Amino acid sequence: MFAIRQLSRTAFGFVAKQTEKAIVTQACRCTYVTHTRGCFSTLKDVEPDPSKTSNSYWVKKLTPEQYNVTREKGTEPPFTGKYVYHNEKGSYTCVCCEAPLFSSSTKFDSGTGWPSFSDAYYKEGQSNVSCRSDLSYGMVRTEALCKQCNAHLGHVFEDGPKPTGMRYCINSASLSFKKAT
Ligand SMILES: [Zn+2]
């Protein structure tokens with residue numbers, strides 16, 4: 001009897017958890033992480049420019065490290081990026097296309113050696129950060145990209161601070177910073 005009760009309690013808990021997750025992921029259309037808001041949406045005031053998508057354009061525009069991180073999915077060594085301990089108020093934009101990605105208000109010290117944010121920047125409910133599954137190096141991770149130009153930004157983990165519980169682990173080399181005026 002005890003075992004059955006335990007089993008049904010576990011089964012109920014499982015169903016409840018699955019239902020909760022289904023609602024959240026359905027709301028944001030992202031099947032990789034439990035975002036509470038849409039991560040595949042696009043800010044309408046940042047239009048991608050097709051002429052800027054050629055490889056030679058990025059080679060010319062970016063430093064070798066910025067190119068390696070954003071266009072070749074590289075990772076800067078921890079504790080080396082210029083925004084790891086950066087605490088000014090403002091917005092972090094894509095180093096490639098200047099789309100606003102993160103606000104300083106969601107930046108926190110994760111101790112990992114990379115700039116960390118608990119949420120993407122949202123304007124009118126939409127963000128420029130998209131996510132997709134990344135199975136490289138034998139790991140199951142969620143890659144964060146710039147929705148506008150497809151730049152690799154870093155990875156997203158679900159061990160961040162409340163209320164989102166998210167940790168966007170982002171390379172400094174993929175970011176620019178615009179100080180709040
Ligand atoms: Zn971009």
# chains A, B, ... in the order shown; residues from 1 in each chain; ligands from 1

$ residues_near_ligand --ligand "ligand 1" --cutoff "9 Å" --atoms "only C-alpha atoms and all ligand atoms" --output "number ranges by chain"
A: 48, 70, 93-101, 128-129, 145-153, 174

$ write_last_selection --atoms "C-alpha atoms" --output "mmCIF file, in the first residue's frame"
data_model
loop_
_atom_site.group_PDB
_atom_site.id
_atom_site.type_symbol
_atom_site.label_atom_id
_atom_site.label_comp_id
_atom_site.auth_asym_id
_atom_site.auth_seq_id
_atom_site.Cartn_x
_atom_site.Cartn_y
_atom_site.Cartn_z
ATOM 1 C CA PRO A 48 19.379 42.514 -40.952
ATOM 2 C CA THR A 70 31.055 35.002 -33.248
ATOM 3 C CA THR A 93 24.920 44.937 -28.008
ATOM 4 C CA CYS A 94 26.042 42.461 -30.662
ATOM 5 C CA VAL A 95 29.629 43.251 -31.708
ATOM 6 C CA CYS A 96 28.710 42.231 -35.273
ATOM 7 C CA CYS A 97 25.417 44.010 -35.961
ATOM 8 C CA GLU A 98 24.800 46.226 -32.892
ATOM 9 C CA ALA A 99 21.466 44.630 -32.022
ATOM 10 C CA PRO A 100 20.715 45.162 -28.316
ATOM 11 C CA LEU A 101 21.127 41.827 -26.537
ATOM 12 C CA ASN A 128 17.340 39.552 -30.181
ATOM 13 C CA VAL A 129 18.719 36.422 -28.541
ATOM 14 C CA LEU A 145 22.934 33.424 -30.854
ATOM 15 C CA CYS A 146 22.168 36.896 -32.130
ATOM 16 C CA LYS A 147 18.825 36.617 -33.859
ATOM 17 C CA GLN A 148 19.752 39.350 -36.330
ATOM 18 C CA CYS A 149 23.103 38.143 -37.682
ATOM 19 C CA ASN A 150 23.456 34.627 -36.283
ATOM 20 C CA ALA A 151 26.558 35.516 -34.256
ATOM 21 C CA HIS A 152 27.535 32.913 -31.678
ATOM 22 C CA LEU A 153 27.274 34.548 -28.255
ATOM 23 C CA SER A 174 30.711 38.910 -28.942
#

$ atom_distance --atom1 "CA of Lys82 in chain A" --atom2 "CA of Ala180 in chain A"
17.9 Å

$ residues_around --residues "Phe157 in chain A" --least-positions-apart "6" --cutoff "12 Å" --atoms "only C-alpha atoms" --output "list in words"
Tyr32, Val33, Thr34, His35, Ser110, Ser116, Phe117, Ser118, Asp119, Cys131, Ser133, Val140, Arg141, Thr142, Glu143, Ala144, Thr164, Gly165, Met166, Arg167, Tyr168, Cys169 and Ile170 of chain A

$ write_last_selection --atoms "N, CA and C atoms" --output "PDB file, in the first residue's frame"
ATOM      1  N   TYR A  32      14.249  24.174 -26.206  1.00  0.00           N
ATOM      2  CA  TYR A  32      15.530  23.817 -25.606  1.00  0.00           C
ATOM      3  C   TYR A  32      15.662  24.238 -24.150  1.00  0.00           C
ATOM      4  N   VAL A  33      15.137  25.383 -23.824  1.00  0.00           N
ATOM      5  CA  VAL A  33      15.216  25.851 -22.445  1.00  0.00           C
ATOM      6  C   VAL A  33      13.857  26.381 -22.022  1.00  0.00           C
ATOM      7  N   THR A  34      13.619  26.426 -20.729  1.00  0.00           N
ATOM      8  CA  THR A  34      12.301  26.819 -20.249  1.00  0.00           C
ATOM      9  C   THR A  34      12.194  28.335 -20.080  1.00  0.00           C
ATOM     10  N   HIS A  35      12.413  29.052 -21.164  1.00  0.00           N
ATOM     11  CA  HIS A  35      12.220  30.501 -21.130  1.00  0.00           C
ATOM     12  C   HIS A  35      10.773  30.828 -20.809  1.00  0.00           C
ATOM     13  N   SER A 110      28.743  35.395 -11.903  1.00  0.00           N
ATOM     14  CA  SER A 110      28.510  33.953 -11.765  1.00  0.00           C
ATOM     15  C   SER A 110      29.746  33.228 -11.261  1.00  0.00           C
ATOM     16  N   SER A 116      27.838  37.165 -17.355  1.00  0.00           N
ATOM     17  CA  SER A 116      26.643  36.344 -17.173  1.00  0.00           C
ATOM     18  C   SER A 116      25.415  37.211 -16.974  1.00  0.00           C
ATOM     19  N   PHE A 117      24.343  36.819 -17.600  1.00  0.00           N
ATOM     20  CA  PHE A 117      23.091  37.576 -17.532  1.00  0.00           C
ATOM     21  C   PHE A 117      21.947  36.623 -17.166  1.00  0.00           C
ATOM     22  N   SER A 118      21.014  37.135 -16.378  1.00  0.00           N
ATOM     23  CA  SER A 118      19.893  36.286 -15.982  1.00  0.00           C
ATOM     24  C   SER A 118      18.745  36.341 -16.991  1.00  0.00           C
ATOM     25  N   ASP A 119      18.851  37.247 -17.962  1.00  0.00           N
ATOM     26  CA  ASP A 119      17.802  37.330 -18.965  1.00  0.00           C
ATOM     27  C   ASP A 119      18.323  38.095 -20.177  1.00  0.00           C
ATOM     28  N   CYS A 131      17.978  30.778 -29.354  1.00  0.00           N
ATOM     29  CA  CYS A 131      18.647  29.614 -28.768  1.00  0.00           C
ATOM     30  C   CYS A 131      18.482  28.409 -29.672  1.00  0.00           C
ATOM     31  N   SER A 133      19.855  23.994 -29.927  1.00  0.00           N
ATOM     32  CA  SER A 133      20.578  22.894 -29.293  1.00  0.00           C
ATOM     33  C   SER A 133      21.987  22.789 -29.853  1.00  0.00           C
ATOM     34  N   VAL A 140      25.600  18.198 -24.201  1.00  0.00           N
ATOM     35  CA  VAL A 140      24.275  18.689 -24.587  1.00  0.00           C
ATOM     36  C   VAL A 140      24.120  20.074 -23.988  1.00  0.00           C
ATOM     37  N   ARG A 141      24.198  21.075 -24.838  1.00  0.00           N
ATOM     38  CA  ARG A 141      24.098  22.455 -24.346  1.00  0.00           C
ATOM     39  C   ARG A 141      23.123  23.242 -25.201  1.00  0.00           C
ATOM     40  N   THR A 142      22.785  24.428 -24.734  1.00  0.00           N
ATOM     41  CA  THR A 142      21.934  25.327 -25.499  1.00  0.00           C
ATOM     42  C   THR A 142      22.767  26.522 -25.915  1.00  0.00           C
ATOM     43  N   GLU A 143      22.902  26.714 -27.215  1.00  0.00           N
ATOM     44  CA  GLU A 143      23.697  27.813 -27.734  1.00  0.00           C
ATOM     45  C   GLU A 143      22.856  29.084 -27.805  1.00  0.00           C
ATOM     46  N   ALA A 144      23.451  30.219 -27.442  1.00  0.00           N
ATOM     47  CA  ALA A 144      22.781  31.514 -27.581  1.00  0.00           C
ATOM     48  C   ALA A 144      23.378  32.231 -28.786  1.00  0.00           C
ATOM     49  N   THR A 164      14.318  34.453 -13.113  1.00  0.00           N
ATOM     50  CA  THR A 164      14.304  33.676 -14.358  1.00  0.00           C
ATOM     51  C   THR A 164      14.914  32.297 -14.178  1.00  0.00           C
ATOM     52  N   GLY A 165      15.923  32.181 -13.299  1.00  0.00           N
ATOM     53  CA  GLY A 165      16.628  30.909 -13.150  1.00  0.00           C
ATOM     54  C   GLY A 165      17.566  30.619 -14.312  1.00  0.00           C
ATOM     55  N   MET A 166      17.771  31.620 -15.177  1.00  0.00           N
ATOM     56  CA  MET A 166      18.592  31.417 -16.370  1.00  0.00           C
ATOM     57  C   MET A 166      19.981  32.034 -16.193  1.00  0.00           C
ATOM     58  N   ARG A 167      20.959  31.434 -16.833  1.00  0.00           N
ATOM     59  CA  ARG A 167      22.313  32.003 -16.865  1.00  0.00           C
ATOM     60  C   ARG A 167      22.787  32.024 -18.310  1.00  0.00           C
ATOM     61  N   TYR A 168      22.789  33.208 -18.888  1.00  0.00           N
ATOM     62  CA  TYR A 168      23.339  33.382 -20.219  1.00  0.00           C
ATOM     63  C   TYR A 168      24.834  33.606 -20.055  1.00  0.00           C
ATOM     64  N   CYS A 169      25.626  32.613 -20.416  1.00  0.00           N
ATOM     65  CA  CYS A 169      27.073  32.654 -20.263  1.00  0.00           C
ATOM     66  C   CYS A 169      27.647  33.140 -21.596  1.00  0.00           C
ATOM     67  N   ILE A 170      28.070  34.407 -21.622  1.00  0.00           N
ATOM     68  CA  ILE A 170      28.338  35.086 -22.894  1.00  0.00           C
ATOM     69  C   ILE A 170      29.805  35.503 -23.019  1.00  0.00           C
TER      70      ILE A 170
END

$ closest_residue --among "A:Pro161, A:Gly154, A:Gly125, A:Ser54" --to "Lys73 in chain A" --atoms "only C-alpha atoms"
A:Gly154

$ residues_around --residues "Val69 in chain A" --least-positions-apart "2" --cutoff "8 Å" --atoms "only C-alpha atoms" --output "list in words"
Glu65, Gln66, Tyr67, Arg71, Glu72, Lys73, Gly74, Thr75, Glu76, His152, Leu153, Asn171, Ala173 and Ser174 of chain A

$ write_last_selection --atoms "C-alpha atoms" --output "compact mmCIF listing (two decimals), in the first residue's frame"
# COMPACT_ATOMS: atom_id res chain seq x y z
CA GLU A 65 39.18 37.01 -31.54
CA GLN A 66 35.75 38.53 -32.24
CA TYR A 67 35.64 36.65 -35.54
CA ARG A 71 31.54 33.42 -36.66
CA GLU A 72 33.43 30.23 -35.76
CA LYS A 73 31.76 29.50 -32.40
CA GLY A 74 34.95 29.94 -30.42
CA THR A 75 35.18 30.52 -26.68
CA GLU A 76 37.42 33.12 -25.08
CA HIS A 152 27.54 32.91 -31.68
CA LEU A 153 27.27 34.55 -28.25
CA ASN A 171 31.73 35.79 -24.44
CA ALA A 173 34.26 39.17 -27.58
CA SER A 174 30.71 38.91 -28.94

$ atom_distance --atom1 "CA of Leu175 in chain A" --atom2 "CA of Tyr92 in chain A"
6.1 Å

$ residues_around --residues "Ser91 in chain A" --least-positions-apart "5" --cutoff "9 Å" --atoms "only C-alpha atoms" --output "list in words"
Pro100, Leu101, Phe102, Ser103, Ser104, Ser105, Tyr121, Ser176, Phe177, Lys178, Lys179 and Ala180 of chain A
